[in-house]
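So the structure is just underneath, and the comments pick up after that.
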Amino acid sequence: MPKIEPMILAVPKGRILKELLPLMKSAGVEPEESFFDDKCRQLKFATNVDYLEIIRVRSFDVPTFVAFGAAHLGVGGSDVIMEFDYPEIYSPVDLDIGHCRMSVAAPATLLESEDPSQWSHIRVATKYPKITQKHFAARGVQAECIKLNGAMELAPNLGLCRRIVDLVSSGDTLKANGLTEIEKISEVSSRFIVNRAAMKTRPVEVNKWIRSFQEAVNAK
Ligand SMILES: Nc1ncnc2c1ncn2[C@@H]1O[C@H](COP(=O)(O)OP(=O)(O)OP(=O)(O)O)[C@@H](O)[C@H]1O
Ligand SMILES: O=P(O)(O)OC[C@H]1O[C@H](OP(=O)(O)OP(=O)(O)O)[C@H](O)[C@@H]1O
């Protein structure tokens with residue numbers, strides 16, 4: 001029998017992975033042993049499915065691998081998918097994991113002196129400049145973004161800028177840094193994503209995995 005071309009699933013290596021592994025198992029994908037070995041420097045892994053391979057990449061890179069067709073399938077946070085907003089990506093399944101929200105936050109004292117509805121030009125520290133600009137532009141506010149890759153909560157206290165846009169889950173990080181949530185931009189969860197071209201060139205396999213992941217979510 002002719003061998004089927006390998007198909008690649010990109011998964012994020014951070015906090016989503018813990019919640020994702022049981023879901024993958026229920027959908028019928030189990031990575032080879034070395035995937036679980038912390039010392040292993042391998043980045044691409046075989047699975048129990050003959051033609052399916054897994055790559056483990058940074059969560060911010062999953063949409064890029066999928067959009068450019070380097071991976072056919074992927075799992076990513078809706079925050080990251082929204083930030084890149086690649087037209088080549090279709091995200092058919094909400095995996096109901098990786099829940100948090102994206103919010104605007106500022107020092108608790110800011111609201112004593114300012115009314116957010118009066119803002120016209122603001123400076124914001126964030127890992128999500130596109131979402132931030134779009135969010136504020138929709139109500140006529142020009143947001144000048146300072147791109148950070150983490151520890152955004154430090155920015156207001158160190159005078160970098162007074163507002164941040166970041167992910168919030170328990171709210172502990174905001175609280176510990178004297179910040180308060182001003183406004184929610186969106187709910188966040190992880191999604192199963194596919195490359196649109198792969199849906200056309202390999203519809204049988206792609207649709208099979210969309211169905212399997214949806215069924216795994218339904219069975220939770
Ligand atoms: N409390 C939370 N804080 C941050 N991200 C969360 C939280 N809860 C769920 N998530 C999801 O997890 C993703 C972040 O995962 P992870 O922590 O691996 O990324 P990271 O810190 O951005 O990693 P890196 O920059 O090292 O690649 C987010 O994009 C979001 O979808
Ligand atoms: O509301 P909480 O439950 O406190 O969670 C929110 C925090 O978690 C994330 O940071 P992460 O731990 O991923 O570190 P990072 O700064 O490297 O992104 C996020 O950027 C917040 O800082």
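Here's how to read the names in the structure tokens: chain A, B, ... by the order shown, residue numbers from 1 in each chain, ligand numbers from 1 in the order shown.
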| message | Residues contacting ligand 1 - anything with an atom at most 7 Å away, using only C-alpha atoms and all ligand atoms - can you give me those as a PyMOL selection string? | response | chain A and resi 12-16+58-60+76-80+98-100+149+167-170+188-190
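Shell of Gln133 (chain A) at 8 Å, with only C-alpha atoms counted and residues fewer than 3 places along the chain excluded, is Pro129, Lys130, Phe136, Ala137, Gln142, Ala143, Glu144 and Cys145 of chain A.
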Keeping only N, CA and C atoms, write those residues as an mmCIF file, in the first residue's frame.
```cif
data_model
loop_
_atom_site.group_PDB
_atom_site.id
_atom_site.type_symbol
_atom_site.label_atom_id
_atom_site.label_comp_id
_atom_site.auth_asym_id
_atom_site.auth_seq_id
_atom_site.Cartn_x
_atom_site.Cartn_y
_atom_site.Cartn_z
ATOM 1 N N PRO A 129 -0.249 43.876 20.587
ATOM 2 C CA PRO A 129 -0.453 45.221 20.050
ATOM 3 C C PRO A 129 -1.597 45.340 19.034
ATOM 4 N N LYS A 130 -1.784 44.322 18.210
ATOM 5 C CA LYS A 130 -2.839 44.438 17.176
ATOM 6 C C LYS A 130 -4.222 44.409 17.798
ATOM 7 N N PHE A 136 -9.200 49.580 20.923
ATOM 8 C CA PHE A 136 -9.379 50.998 21.246
ATOM 9 C C PHE A 136 -9.813 51.812 20.028
ATOM 10 N N ALA A 137 -9.317 51.437 18.847
ATOM 11 C CA ALA A 137 -9.701 52.184 17.631
ATOM 12 C C ALA A 137 -11.216 52.123 17.413
ATOM 13 N N GLN A 142 -6.824 56.285 20.159
ATOM 14 C CA GLN A 142 -5.569 55.870 19.537
ATOM 15 C C GLN A 142 -4.669 55.246 20.609
ATOM 16 N N ALA A 143 -4.341 53.976 20.436
ATOM 17 C CA ALA A 143 -3.494 53.303 21.432
ATOM 18 C C ALA A 143 -2.081 53.134 20.877
ATOM 19 N N GLU A 144 -1.140 53.726 21.575
ATOM 20 C CA GLU A 144 0.271 53.570 21.204
ATOM 21 C C GLU A 144 0.788 52.402 22.044
ATOM 22 N N CYS A 145 1.181 51.314 21.385
ATOM 23 C CA CYS A 145 1.537 50.108 22.142
ATOM 24 C C CYS A 145 3.038 49.941 22.327
#
```
| said: Using only C-alpha atoms and all ligand atoms for the distances, tell me which of A:Ala151, A:Ile81, A:Leu160, A:Met199 is nearest to ligand 2. | reply: A:Ala151
| query | Nearest to ligand 2 among A:Lys18, A:Arg56, A:Lys175, A:Arg139, with distances taken over only C-alpha atoms and all ligand atoms: which residue is it? | reply |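 Residue with the minimum atom-to-atom distance to ligand 2: A:Lys175.
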| Which one of A:Ser186, A:Ser117, A:Thr126, A:Ser212 sits closest to ligand 2 if you count only C-alpha atoms and all ligand atoms? | A:Thr126
What lies within 10 Å of Val49 (chain A) using only C-alpha atoms, ignoring chain neighbours under 3 positions off, as a PDB file with N, CA and C atoms, in the first residue's frame?
```pdb
ATOM      1  N   PRO A   6       3.224  12.441   5.467  1.00  0.00           N
ATOM      2  CA  PRO A   6       3.033  12.813   6.872  1.00  0.00           C
ATOM      3  C   PRO A   6       2.160  14.063   7.008  1.00  0.00           C
ATOM      4  N   MET A   7       1.437  14.103   8.103  1.00  0.00           N
ATOM      5  CA  MET A   7       0.623  15.282   8.408  1.00  0.00           C
ATOM      6  C   MET A   7       1.127  15.793   9.752  1.00  0.00           C
ATOM      7  N   GLY A  28      -7.487  10.333  20.022  1.00  0.00           N
ATOM      8  CA  GLY A  28      -6.787   9.237  19.345  1.00  0.00           C
ATOM      9  C   GLY A  28      -5.352   9.523  18.965  1.00  0.00           C
ATOM     10  N   VAL A  29      -4.739  10.573  19.551  1.00  0.00           N
ATOM     11  CA  VAL A  29      -3.326  10.860  19.249  1.00  0.00           C
ATOM     12  C   VAL A  29      -2.469  10.729  20.496  1.00  0.00           C
ATOM     13  N   GLU A  30      -1.453   9.889  20.432  1.00  0.00           N
ATOM     14  CA  GLU A  30      -0.515   9.769  21.549  1.00  0.00           C
ATOM     15  C   GLU A  30       0.911   9.886  21.030  1.00  0.00           C
ATOM     16  N   PRO A  31       1.672  10.882  21.554  1.00  0.00           N
ATOM     17  CA  PRO A  31       3.039  11.057  21.082  1.00  0.00           C
ATOM     18  C   PRO A  31       3.949   9.932  21.550  1.00  0.00           C
ATOM     19  N   ALA A  46       7.027  11.336  16.479  1.00  0.00           N
ATOM     20  CA  ALA A  46       6.067  10.409  15.873  1.00  0.00           C
ATOM     21  C   ALA A  46       4.892  10.233  16.838  1.00  0.00           C
ATOM     22  N   LEU A  52       0.720  10.747  11.258  1.00  0.00           N
ATOM     23  CA  LEU A  52       0.627  12.002  12.011  1.00  0.00           C
ATOM     24  C   LEU A  52       1.868  12.241  12.880  1.00  0.00           C
ATOM     25  N   GLU A  53       2.491  13.414  12.702  1.00  0.00           N
ATOM     26  CA  GLU A  53       3.646  13.789  13.517  1.00  0.00           C
ATOM     27  C   GLU A  53       3.288  15.039  14.308  1.00  0.00           C
TER      28      GLU A  53
END
```
| task | Per DSSP on the backbone, filter region 3-193 of chain A down to the residues in strand (DSSP E) and report them as an MDAnalysis selection string. | result | chainID A and resid 7:12 44:46 52:57 73:77 89:94 100:107 121:126 142:147 163:168 179:188 190:193
| note | Min atom-atom distance to ligand 2 from the set A:Gly69, A:Gly178, A:Gly159, A:Gly150, counting only C-alpha atoms and all ligand atoms, belongs to A:Gly150
